[in-house]
Structure formats: C-alpha cells, structure tokens
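A.B. asks: Following this message is one structure expressed as structure tokens.
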Amino acid sequence: MASFGFFACVGQSTVGMVEKWGRFSHVAQPGLHCLNPCLGEWMAGRLSLRVQSLDVRCDTKTKDNVFVTVVCSIQYRVVRQNADDAFYELQNPREQIQAYVFDVVRACVPRMILDEVFEQKDEIAKAVSEELEKVMGAYGYSIEQTLIVDVEPDLTVRRAMNEINAAQRLRMAAVDKAEAEKILQVKRAEGEAEAKYLSGYGIARQRQAITEGLRESVLAFSNNVPGTSAKDVMDLVLVTQYFDTMKEIGNSSKNTTVFLPHGPGHVGDITNQIRNGLMQGSAADTSS
C-alpha cells in the first residue's frame, strides 16, 4: 500500500482511488501500479474490502416506561464495484451507520414492552438491517449482518425483575411443599385407618378364639369329671385366668399400684362380670 514516486502498490483486499488533476480517474485493484505525476496522476486514498464490525449502544425507553440499552453489532463491507461511491460520498461511514441504528431502534423499541424487546430481538435486527441496506447501499456499502447482541435494562429494573422471579419461585416452592405435606397427611390417615381396621379385625378374631377355647375346655372338663356342670367349670377357668392376670401384673418390670377388690365374694363378682363380658362378645361375634 505504499507509493514510491511513479509507482504505487495496493495491498490484497484493498482498492486504491486514482485521481488525475484532482478528479477521480479509476479504481486501482490490488497490485503494483505506475502513475505519472507529470500528467497529474496520484493515489488519493485506499479502501479496505474486508468485513468490518461496528458495535452501537443505543439508550431508549420501552412502552412500559423502562429505560434499556440496546447493543447492536453491524457487520458491513465496501462493494468492490461501487468503491468510488464509498470513498467520495461518505466522509465518516461509521457515524452514518450509527445514526441510522439510533433512528430505527428508537422507533421500534418504544412500541414494545420490556418482555417483547427480549422476545423480538430478531424483528428489531431485521428492521435495522433493512433500513441500513436501503440507505448505505446507495453509498457503496453492503450490510452483511445485523445482530442485537444485548438488551440491558436499568440496574434497578434488573434487580426488581430478579426479585419478582425469586418471589414467583418461592411461591411455587411453597405450593409444592404444601401439596407434599397434604399427600403425606392423607397417606398417614389412610395408614392409620387401615391399621385400626386390621387391629379391630385381629381383636375380634382373638376374642372368637378365646371363646372357642373356653367352650372346648368346658365341654372336655364336664365330660371327664362327673357331677360338674358347665357353670362350675366356667367359674373355675375364669378364676384361674384372674389369678394368672394378677401374677403377670406382679411380675412386670414396670410395676404400678393397682387396687383390685379381693376376697371370696369379690372373686364371685369378678367371675360374673368376666362371664357376662365374654357372653356379650360371643353374641356380638355370632350376630356379625
């Protein structure tokens, strides 16, 4: 890209603007060129044909009055066939691109709420690209790509959004926890109901077995000992169980004071009470 007297060298991916007596003559392609200063020829300047990138930060406001900073990344290049327009028409193409980006973004974003700005970034980028293509194409520039790389709300707004999100998640967690506790309570109640049912069923079978055993014992004793009635045998069995119960209470490791009426008369009363209870239980099991 250097000039040495009558010669000028243009680098790869670059074009040179050759003027003659101050007027544009032709575009110099990459390579070595011979210029004749005596005829007024000289290299006015060079343009790079490489893709260039420009990041534009635009401050604007959304429809719901939230101030945001939209960061646009513009990739552009000079069209080789229109390199003379790009060189002579625009003095500062980067400022020109930045001005049009500001115009389009500040026209699109105020019509959207904050959530829509995040959701419709591609639509904003498309609007910016179409406007730049229409305007910059007339000056010899091609817009290769337009990206909305970031949307930055104000710091207080971001903090508020995070708090709202955290509150929503805490509320959802509380609902899930309550549902789990509800399920545990229901299952616990179902288990207790099932346990009580099985316990009652077991007690009923236990009483039935005791009644069957007592009946067999009374019948066997009456048959083997002549002159005894079923009532005598029943009284003997009940008194035996009464004394066995007292023995178990006395042998228990966790003794407590138990007051029971004791004596011949009281034993008869207890026998009658036990007999009546067993007969009522047997009657209830038979009816069921």
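Quick note on naming: the chains in the structure tokens go A, B, ... in the order shown, residues restart at 1 in each chain, and ligands are numbered from 1 in order of appearance.
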Let's see if you can do this: from backbone DSSP, list all strand (DSSP E or B) residues in segment 40-144 of chain A, as a PyMOL selection string.

C.D. replies: chain A and resi 41-48+52-61+67-78+141-144

A.B. asks: Kindly export the residues of the current selection with N, CA, C and O atoms, as a CSV table (one decimal), in the first residue's frame.

C.D. replies:
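Output saved as selection-v1.csv:
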chain,number,residue,atom,x,y,z
A,41,GLU,N,-1.4,12.4,-12.2
A,41,GLU,CA,-2.0,11.2,-11.6
A,41,GLU,C,-1.3,11.0,-10.2
A,41,GLU,O,-0.1,11.2,-10.0
A,42,TRP,N,-2.2,10.6,-9.3
A,42,TRP,CA,-1.7,10.3,-7.9
A,42,TRP,C,-2.7,9.5,-7.2
A,42,TRP,O,-3.9,9.4,-7.6
A,43,MET,N,-2.3,8.8,-6.1
A,43,MET,CA,-3.1,7.9,-5.4
A,43,MET,C,-3.8,8.7,-4.3
A,43,MET,O,-3.2,9.1,-3.3
A,44,ALA,N,-5.1,9.0,-4.4
A,44,ALA,CA,-5.8,9.8,-3.5
A,44,ALA,C,-6.1,9.1,-2.2
A,44,ALA,O,-6.2,9.7,-1.1
A,45,GLY,N,-6.2,7.8,-2.2
A,45,GLY,CA,-6.5,7.1,-1.0
A,45,GLY,C,-6.8,5.6,-1.2
A,45,GLY,O,-6.8,5.2,-2.4
A,46,ARG,N,-7.0,4.8,-0.2
A,46,ARG,CA,-7.3,3.4,-0.3
A,46,ARG,C,-8.5,3.0,0.6
A,46,ARG,O,-8.7,3.7,1.6
A,47,LEU,N,-9.2,2.0,0.1
A,47,LEU,CA,-10.3,1.5,0.9
A,47,LEU,C,-10.1,0.0,1.1
A,47,LEU,O,-9.8,-0.7,0.2
A,48,SER,N,-10.4,-0.5,2.3
A,48,SER,CA,-10.4,-1.9,2.6
A,48,SER,C,-11.7,-2.6,2.2
A,48,SER,O,-12.8,-2.0,2.4
A,52,GLN,N,-16.1,-5.3,8.1
A,52,GLN,CA,-15.8,-4.5,9.3
A,52,GLN,C,-17.0,-4.6,10.3
A,52,GLN,O,-18.1,-4.8,9.9
A,53,SER,N,-16.7,-4.5,11.6
A,53,SER,CA,-17.7,-4.6,12.6
A,53,SER,C,-17.8,-3.3,13.4
A,53,SER,O,-16.8,-2.7,13.7
A,54,LEU,N,-19.1,-3.0,13.7
A,54,LEU,CA,-19.3,-1.7,14.4
A,54,LEU,C,-20.4,-2.1,15.5
A,54,LEU,O,-21.5,-2.5,15.2
A,55,ASP,N,-20.0,-1.9,16.8
A,55,ASP,CA,-21.0,-2.1,17.9
A,55,ASP,C,-21.6,-0.7,18.3
A,55,ASP,O,-20.9,0.3,18.5
A,56,VAL,N,-22.9,-0.7,18.3
A,56,VAL,CA,-23.6,0.6,18.6
A,56,VAL,C,-24.5,0.4,19.8
A,56,VAL,O,-25.3,-0.6,19.9
A,57,ARG,N,-24.3,1.2,20.8
A,57,ARG,CA,-25.1,1.2,22.0
A,57,ARG,C,-26.1,2.3,22.0
A,57,ARG,O,-25.7,3.5,21.9
A,58,CYS,N,-27.4,1.9,22.1
A,58,CYS,CA,-28.5,2.9,21.9
A,58,CYS,C,-29.3,2.9,23.2
A,58,CYS,O,-29.9,1.8,23.5
A,59,ASP,N,-29.5,4.0,23.8
A,59,ASP,CA,-30.3,4.1,25.0
A,59,ASP,C,-31.7,4.6,24.6
A,59,ASP,O,-31.9,5.6,23.8
A,60,THR,N,-32.7,3.8,25.0
A,60,THR,CA,-34.1,4.1,24.6
A,60,THR,C,-35.0,3.7,25.7
A,60,THR,O,-34.6,3.2,26.8
A,61,LYS,N,-36.3,3.9,25.5
A,61,LYS,CA,-37.4,3.6,26.5
A,61,LYS,C,-38.4,2.7,25.9
A,61,LYS,O,-38.8,2.8,24.7
A,67,PHE,N,-36.3,2.1,30.9
A,67,PHE,CA,-35.1,2.5,30.1
A,67,PHE,C,-34.2,1.3,29.9
A,67,PHE,O,-33.8,0.6,30.9
A,68,VAL,N,-33.8,1.1,28.7
A,68,VAL,CA,-32.9,0.0,28.3
A,68,VAL,C,-31.8,0.5,27.4
A,68,VAL,O,-32.0,1.5,26.7
A,69,THR,N,-30.7,-0.3,27.4
A,69,THR,CA,-29.6,0.0,26.4
A,69,THR,C,-29.6,-1.2,25.5
A,69,THR,O,-29.4,-2.4,25.9
A,70,VAL,N,-29.8,-0.9,24.2
A,70,VAL,CA,-29.8,-2.0,23.1
A,70,VAL,C,-28.5,-1.9,22.4
A,70,VAL,O,-28.1,-0.9,21.9
A,71,VAL,N,-27.8,-3.1,22.4
A,71,VAL,CA,-26.5,-3.1,21.8
A,71,VAL,C,-26.6,-3.9,20.5
A,71,VAL,O,-27.0,-5.0,20.4
A,72,CYS,N,-26.3,-3.1,19.4
A,72,CYS,CA,-26.4,-3.7,18.0
A,72,CYS,C,-25.0,-3.9,17.5
A,72,CYS,O,-24.1,-3.0,17.6
A,73,SER,N,-24.8,-5.0,16.8
A,73,SER,CA,-23.5,-5.3,16.1
A,73,SER,C,-23.7,-5.3,14.6
A,73,SER,O,-24.5,-6.2,14.1
A,74,ILE,N,-23.1,-4.4,13.9
A,74,ILE,CA,-23.3,-4.3,12.5
A,74,ILE,C,-22.0,-4.8,11.8
A,74,ILE,O,-20.9,-4.3,12.0
A,75,GLN,N,-22.1,-5.7,10.9
A,75,GLN,CA,-21.0,-6.2,10.0
A,75,GLN,C,-21.3,-5.6,8.6
A,75,GLN,O,-22.3,-5.9,8.0
A,76,TYR,N,-20.4,-4.9,8.1
A,76,TYR,CA,-20.5,-4.2,6.8
A,76,TYR,C,-19.2,-4.3,6.0
A,76,TYR,O,-18.1,-4.5,6.6
A,77,ARG,N,-19.3,-4.0,4.7
A,77,ARG,CA,-18.1,-4.0,3.8
A,77,ARG,C,-18.4,-3.1,2.7
A,77,ARG,O,-19.5,-2.8,2.3
A,78,VAL,N,-17.3,-2.7,2.0
A,78,VAL,CA,-17.3,-1.9,0.8
A,78,VAL,C,-17.6,-2.8,-0.4
A,78,VAL,O,-16.9,-3.8,-0.6
A,141,TYR,N,-21.9,0.6,0.2
A,141,TYR,CA,-21.7,-0.3,1.3
A,141,TYR,C,-22.7,-1.4,1.3
A,141,TYR,O,-23.9,-1.2,1.0
A,142,SER,N,-22.3,-2.6,1.7
A,142,SER,CA,-23.2,-3.7,1.9
A,142,SER,C,-23.2,-4.1,3.3
A,142,SER,O,-22.2,-4.3,4.0
A,143,ILE,N,-24.4,-4.3,3.8
A,143,ILE,CA,-24.6,-4.7,5.2
A,143,ILE,C,-24.7,-6.2,5.2
A,143,ILE,O,-25.6,-6.9,4.7
A,144,GLU,N,-23.7,-6.9,5.8
A,144,GLU,CA,-23.5,-8.3,5.8
A,144,GLU,C,-24.4,-9.0,6.9
A,144,GLU,O,-25.0,-10.0,6.6

A.B. asks: Expressed in Å to a single decimal, how great is the separation between atom CA of Gly200 of chain A and atom CA of Thr240 of chain A?

C.D. replies: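 Between atom CA of Gly200 of chain A and atom CA of Thr240 of chain A the gap is 26.5 Å.
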
A.B. asks: Quick one: of A:Asp64, A:Asp84, A:Glu130, A:Glu181, who's nearest to Val15 of chain A, counting only C-alpha atoms?

C.D. replies: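 Closest to Val15 of chain A of all the choices is A:Asp84.
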
A.B. asks: Please measure the separation of atom CA of Asp115 of chain A and atom CA of Glu152 of chain A, giving the value in Å to one decimal.

C.D. replies: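 That distance, rounded to one decimal, is 12.0 Å.
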
A.B. asks: Near Phe6 of chain A, within 6 Å and counting only C-alpha atoms, which residues show up once chain neighbours fewer than 5 positions away are dropped, as a list in words?

C.D. replies: Cys34, Leu35 and Asn36 of chain A

A.B. asks: Quick one: pull the distance between atom CA of Arg106 of chain A and atom CA of Arg158 of chain A, Å, one decimal.

C.D. replies: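 Between these atoms lies a distance of 20.6 Å.
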
A.B. asks: Need the shell around Val117 of chain A: protein/DNA/RNA residues with any atom at most 10 Å away, counting only C-alpha atoms. Skip same-chain ones fewer than 5 positions apart. Format as a list in words?

C.D. replies: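 Everything that qualifies: Thr62, Lys63, Val68, Val70, Cys108, Val109, Pro110, Arg111, Met112, Asp122, Glu123, Ile124 and Val151 of chain A.
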
A.B. asks: For Asp150 of chain A, which residue among A:Pro37, A:Ala125, A:Arg171, A:Trp21 is the nearest when counting only C-alpha atoms?

C.D. replies: A:Ala125

A.B. asks: Here is a test: counting only C-alpha atoms, which residue of A:Arg80, A:Arg169, A:Lys187, A:Lys177 is nearest to Gly140 of chain A?

C.D. replies: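 Closest residue, counting only C-alpha atoms: A:Arg80.
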
A.B. asks: I'd like the neighbourhood of Met136 of chain A as an NGL selection string, where a residue qualifies if any of its atoms comes within 12 Å (using only C-alpha atoms), though same-chain residues fewer than 3 positions away should be ignored.

C.D. replies: :A and (76-79 or 82 or 85-86 or 89-90 or 92-101 or 128-133 or 139-144)
